[in-house]
Amino acid sequence: MKLATWNVNSLAVRLPQLIDWLTAEQPDVIVLQETKLTDDKFPAAALAEAGWQAAWFGQKTYNGVAVLAREAPQAVVRNIPGFADEQARVITASVGGLRVIGAYFPNGQAPGSEKFAYKMAWLEALRGWVAQELSQHEHLVLMGDYNIAPEDSDVYDPVAWAGQIHCTDEERAHFKGLLGLPLHDAFRLFEQPPKSWSWWDYRNLAFRKNQGLRIDHILVSDALKASVSACRIDKAPRKNERPSDHAPVVVELAP
DNA sequence: ATGTCACCTGGTAGGTGA
């Protein structure tokens, strides 16, 4: 079974690239972030035409998440129950015997900002939600754009980024809190090429210079850990003509 | 040294968020 996560930075713009990638990669499940579409604009028909059933949760201009699979996602929950939020950031669904949580974590802007405080509150609520789901569903995957680089090895210039957004101790403590549930970072279950990133700023020729961060992650539950057979970041779509700033992350689970 | 993109409003640019 192949699962993927991809921040597409506007599904309206990236739909053709998404369908191309799905056609080439044939994942069983993919979660999307930053669809930036209200629910009435979600391209369900075009995706169904390409063979993908979906559940989605969006808003105007910002955020927006979705889960796509060959069979219709079941038992869908939108956002975090009990956590009042104007922003569409989380979608949870059952598919192929797995509980899948797709999430677009808040950016946080800068330490000390209001948006950072929101990020901290959101992270706290998310951990509670994941713990609750984990208690009901042994086979669980939490994947998406975390907007957290968990370790210095996930940062192209850890000195320059020390204490900056995505790299603060507070954000990293929350990431470790998720690992404590426990969950496992699928990417780090394997030896990986050094300087593996999942996001490169559009500015500063960052992709050409491979100046990026690994902020998109796939965390798997204890019960799934042993079945994870591979995990990789697919840089290819970042080389497209009009790319998202993020690359997809893919995990494979043995049957 | 610098270098963007997507979306909105309100308009043929400027602001916001990332």
# chains A, B, ... in the order shown; residues from 1 in each chain; ligands from 1
call {"tool": "select_by_dssp", "arguments": {"residues": "range 28-82 of chain A", "states": "alpha helix (DSSP H)", "output": "list of chain:residue names"}}
result
A:Ala44, A:Ala45, A:Ala46, A:Leu47, A:Ala48, A:Glu49
call {"tool": "residues_around", "arguments": {"residues": "His246 in chain A", "least_positions_apart": "3", "cutoff": "9 Å", "atoms": "only C-alpha atoms (C1' of nucleotides)", "output": "PyMOL selection string"}}
result
chain A and resi 6-9+145+197-201+216+235+237-238+243
call {"tool": "write_last_selection", "arguments": {"atoms": "N, CA and C atoms", "output": "PDB file, in the first residue's frame"}}
result
ATOM      1  N   TRP A   6       0.947  15.775  -0.009  1.00  0.00           N
ATOM      2  CA  TRP A   6       1.478  16.822  -0.878  1.00  0.00           C
ATOM      3  C   TRP A   6       0.765  18.132  -0.603  1.00  0.00           C
ATOM      4  N   ASN A   7       1.545  19.142  -0.272  1.00  0.00           N
ATOM      5  CA  ASN A   7       1.017  20.504  -0.215  1.00  0.00           C
ATOM      6  C   ASN A   7       1.073  21.047  -1.642  1.00  0.00           C
ATOM      7  N   VAL A   8      -0.097  21.196  -2.248  1.00  0.00           N
ATOM      8  CA  VAL A   8      -0.154  21.559  -3.673  1.00  0.00           C
ATOM      9  C   VAL A   8      -0.164  23.070  -3.898  1.00  0.00           C
ATOM     10  N   ASN A   9      -0.307  23.854  -2.832  1.00  0.00           N
ATOM     11  CA  ASN A   9      -0.356  25.319  -2.955  1.00  0.00           C
ATOM     12  C   ASN A   9      -1.291  25.760  -4.080  1.00  0.00           C
ATOM     13  N   ASP A 145       1.628  18.701   5.896  1.00  0.00           N
ATOM     14  CA  ASP A 145       2.622  19.770   6.003  1.00  0.00           C
ATOM     15  C   ASP A 145       2.648  20.207   7.454  1.00  0.00           C
ATOM     16  N   TRP A 197      15.112  17.502   1.520  1.00  0.00           N
ATOM     17  CA  TRP A 197      14.108  18.492   1.929  1.00  0.00           C
ATOM     18  C   TRP A 197      12.786  18.200   1.229  1.00  0.00           C
ATOM     19  N   SER A 198      11.714  18.755   1.817  1.00  0.00           N
ATOM     20  CA  SER A 198      10.396  18.612   1.181  1.00  0.00           C
ATOM     21  C   SER A 198       9.825  19.948   0.739  1.00  0.00           C
ATOM     22  N   TRP A 199      10.486  21.034   1.128  1.00  0.00           N
ATOM     23  CA  TRP A 199      10.018  22.390   0.783  1.00  0.00           C
ATOM     24  C   TRP A 199      11.215  23.282   0.485  1.00  0.00           C
ATOM     25  N   TRP A 200      11.065  24.058  -0.552  1.00  0.00           N
ATOM     26  CA  TRP A 200      12.062  25.049  -0.943  1.00  0.00           C
ATOM     27  C   TRP A 200      11.313  26.341  -1.214  1.00  0.00           C
ATOM     28  N   ASP A 201      11.768  27.430  -0.609  1.00  0.00           N
ATOM     29  CA  ASP A 201      11.156  28.733  -0.834  1.00  0.00           C
ATOM     30  C   ASP A 201      11.154  29.052  -2.329  1.00  0.00           C
ATOM     31  N   ASP A 216       7.460  18.373   5.684  1.00  0.00           N
ATOM     32  CA  ASP A 216       6.310  17.516   5.361  1.00  0.00           C
ATOM     33  C   ASP A 216       6.640  16.104   5.833  1.00  0.00           C
ATOM     34  N   LYS A 235      11.227  14.606  -5.448  1.00  0.00           N
ATOM     35  CA  LYS A 235      11.571  15.967  -5.857  1.00  0.00           C
ATOM     36  C   LYS A 235      11.084  16.308  -7.259  1.00  0.00           C
ATOM     37  N   PRO A 237       8.272  16.611  -8.980  1.00  0.00           N
ATOM     38  CA  PRO A 237       7.265  17.644  -9.282  1.00  0.00           C
ATOM     39  C   PRO A 237       7.728  19.063  -8.981  1.00  0.00           C
ATOM     40  N   ARG A 238       8.756  19.196  -8.122  1.00  0.00           N
ATOM     41  CA  ARG A 238       9.279  20.537  -7.824  1.00  0.00           C
ATOM     42  C   ARG A 238      10.031  21.106  -9.027  1.00  0.00           C
ATOM     43  N   PRO A 243       5.669  24.867 -10.392  1.00  0.00           N
ATOM     44  CA  PRO A 243       5.565  23.881  -9.312  1.00  0.00           C
ATOM     45  C   PRO A 243       4.940  24.438  -8.038  1.00  0.00           C
TER      46      PRO A 243
END
call {"tool": "closest_atom_pairs", "arguments": {"of": "range 92-173 of chain A", "to": "range 55-70 of chain A", "cutoff": "10 Å", "atoms": "only C-alpha atoms", "output": "CSV"}}
result
residue,atom,partner,partner_atom,distance
A:Thr92,CA,A:Val67,CA,8.1
A:Ala93,CA,A:Val67,CA,7.6
A:Ser94,CA,A:Val67,CA,9.9
A:Val95,CA,A:Ala69,CA,7.4
A:Gly96,CA,A:Ala69,CA,8.8
A:Val100,CA,A:Val67,CA,8.5
A:Ile101,CA,A:Val67,CA,8.7
A:Gly102,CA,A:Val67,CA,7.0
A:Ala103,CA,A:Val65,CA,7.0
A:Tyr104,CA,A:Val65,CA,7.0
A:Phe105,CA,A:Asn63,CA,9.3
A:Pro106,CA,A:Asn63,CA,9.0
A:Gly144,CA,A:Val65,CA,9.3
call {"tool": "write_last_selection", "arguments": {"atoms": "C-alpha atoms", "output": "compact mmCIF listing (two decimals), in the first residue's frame"}}
result
# COMPACT_ATOMS: atom_id res chain seq x y z
CA THR A 92 -9.55 12.45 9.10
CA ALA A 93 -10.91 9.42 7.26
CA SER A 94 -10.84 5.65 7.15
CA VAL A 95 -9.53 4.09 4.01
CA GLY A 96 -8.11 0.66 3.21
CA VAL A 100 -5.65 8.56 7.96
CA ILE A 101 -5.26 12.05 9.36
CA GLY A 102 -4.23 14.69 6.83
CA ALA A 103 -3.16 18.01 8.30
CA TYR A 104 -1.95 21.42 7.29
CA PHE A 105 -0.19 22.66 10.41
CA PRO A 106 -0.19 26.43 10.99
CA GLY A 144 0.81 16.47 5.96
call {"tool": "residues_around", "arguments": {"residues": "range 2-15 of chain B", "least_positions_apart": "2", "cutoff": "6 Å", "atoms": "only C-alpha atoms (C1' of nucleotides)", "output": "number ranges by chain"}}
result
A: 61, 202-204
call {"tool": "write_last_selection", "arguments": {"atoms": "N, CA and C atoms", "output": "PDB file, in the first residue's frame"}}
result
ATOM      1  N   THR A  61      -9.449  31.197  -0.231  1.00  0.00           N
ATOM      2  CA  THR A  61      -8.110  31.814  -0.256  1.00  0.00           C
ATOM      3  C   THR A  61      -7.011  31.020   0.443  1.00  0.00           C
ATOM      4  N   TYR A 202      10.088  29.680  -2.780  1.00  0.00           N
ATOM      5  CA  TYR A 202      10.053  30.123  -4.181  1.00  0.00           C
ATOM      6  C   TYR A 202      11.129  31.172  -4.461  1.00  0.00           C
ATOM      7  N   ARG A 203      11.529  31.886  -3.413  1.00  0.00           N
ATOM      8  CA  ARG A 203      12.475  32.992  -3.581  1.00  0.00           C
ATOM      9  C   ARG A 203      13.916  32.505  -3.540  1.00  0.00           C
ATOM     10  N   ASN A 204      14.789  33.366  -3.989  1.00  0.00           N
ATOM     11  CA  ASN A 204      16.230  33.170  -3.791  1.00  0.00           C
ATOM     12  C   ASN A 204      16.806  31.959  -4.524  1.00  0.00           C
TER      13      ASN A 204
END
call {"tool": "atom_distance", "arguments": {"atom1": "CA of Pro150 in chain A", "atom2": "CA of Gly112 in chain A"}}
result
19.2 Å
call {"tool": "closest_residue", "arguments": {"among": "A:Arg99, A:Lys2, A:Arg208, A:Arg232", "to": "chain B", "atoms": "only C-alpha atoms (C1' of nucleotides)"}}
result
A:Arg208
call {"tool": "residues_around", "arguments": {"residues": "range 220-226 of chain A", "least_positions_apart": "3", "cutoff": "6 Å", "atoms": "only C-alpha atoms (C1' of nucleotides)", "output": "list in words"}}
result
His139, Leu140, Val141, Leu183 and His184 of chain A
call {"tool": "closest_residue", "arguments": {"among": "A:Leu189, A:Val250, A:Ala206, A:Leu126", "to": "chain B", "atoms": "only C-alpha atoms (C1' of nucleotides)"}}
result
A:Ala206
call {"tool": "atom_distance", "arguments": {"atom1": "CA of Gln192 in chain A", "atom2": "CA of Gln164 in chain A"}}
result
24.7 Å
call {"tool": "residues_around", "arguments": {"residues": "Phe187 in chain A", "least_positions_apart": "2", "cutoff": "8 Å", "atoms": "only C-alpha atoms (C1' of nucleotides)", "output": "PDB file with N, CA and C atoms, in the first residue's frame"}}
result
ATOM      1  N   ASP A 185       8.409   8.547  12.723  1.00  0.00           N
ATOM      2  CA  ASP A 185       8.698   9.308  11.505  1.00  0.00           C
ATOM      3  C   ASP A 185       9.169   8.318  10.434  1.00  0.00           C
ATOM      4  N   LEU A 189      12.976   6.031   9.377  1.00  0.00           N
ATOM      5  CA  LEU A 189      13.143   4.587   9.588  1.00  0.00           C
ATOM      6  C   LEU A 189      14.155   4.009   8.618  1.00  0.00           C
ATOM      7  N   PHE A 190      14.589   4.833   7.663  1.00  0.00           N
ATOM      8  CA  PHE A 190      15.496   4.354   6.613  1.00  0.00           C
ATOM      9  C   PHE A 190      16.673   5.306   6.472  1.00  0.00           C
ATOM     10  N   GLN A 192      18.736   7.790   4.503  1.00  0.00           N
ATOM     11  CA  GLN A 192      18.252   8.728   3.488  1.00  0.00           C
ATOM     12  C   GLN A 192      19.427   9.542   2.949  1.00  0.00           C
ATOM     13  N   HIS A 217       5.745  15.539   6.609  1.00  0.00           N
ATOM     14  CA  HIS A 217       6.079  14.294   7.304  1.00  0.00           C
ATOM     15  C   HIS A 217       4.951  13.274   7.251  1.00  0.00           C
ATOM     16  N   ILE A 218       5.364  12.016   7.407  1.00  0.00           N
ATOM     17  CA  ILE A 218       4.423  10.906   7.547  1.00  0.00           C
ATOM     18  C   ILE A 218       4.784  10.165   8.823  1.00  0.00           C
ATOM     19  N   ALA A 230       9.295   1.466   2.834  1.00  0.00           N
ATOM     20  CA  ALA A 230      10.058   2.527   2.170  1.00  0.00           C
ATOM     21  C   ALA A 230       9.407   3.868   2.460  1.00  0.00           C
ATOM     22  N   CYS A 231      10.229   4.908   2.420  1.00  0.00           N
ATOM     23  CA  CYS A 231       9.700   6.269   2.520  1.00  0.00           C
ATOM     24  C   CYS A 231      10.651   7.189   1.782  1.00  0.00           C
ATOM     25  N   ARG A 232      10.092   8.050   0.933  1.00  0.00           N
ATOM     26  CA  ARG A 232      10.955   8.928   0.147  1.00  0.00           C
ATOM     27  C   ARG A 232      10.232  10.226  -0.166  1.00  0.00           C
ATOM     28  N   VAL A 251       5.093   6.983   1.304  1.00  0.00           N
ATOM     29  CA  VAL A 251       5.445   5.858   2.169  1.00  0.00           C
ATOM     30  C   VAL A 251       4.822   4.592   1.602  1.00  0.00           C
TER      31      VAL A 251
END
call {"tool": "atom_distance", "arguments": {"atom1": "CA of Thr35 in chain A", "atom2": "C1' of DA18 in chain B"}}
result
13.5 Å
call {"tool": "closest_residue", "arguments": {"among": "A:Leu213, A:Leu11, A:Lys195, A:Gln17", "to": "Lys239 in chain A", "atoms": "only C-alpha atoms"}}
result
A:Gln17
call {"tool": "select_by_dssp", "arguments": {"residues": "range 115-237 of chain A", "states": "strand (DSSP E or B)", "output": "PyMOL selection string"}}
result
chain A and resi 140-145+155+183-185+199-200+212-213+216-221+228-233
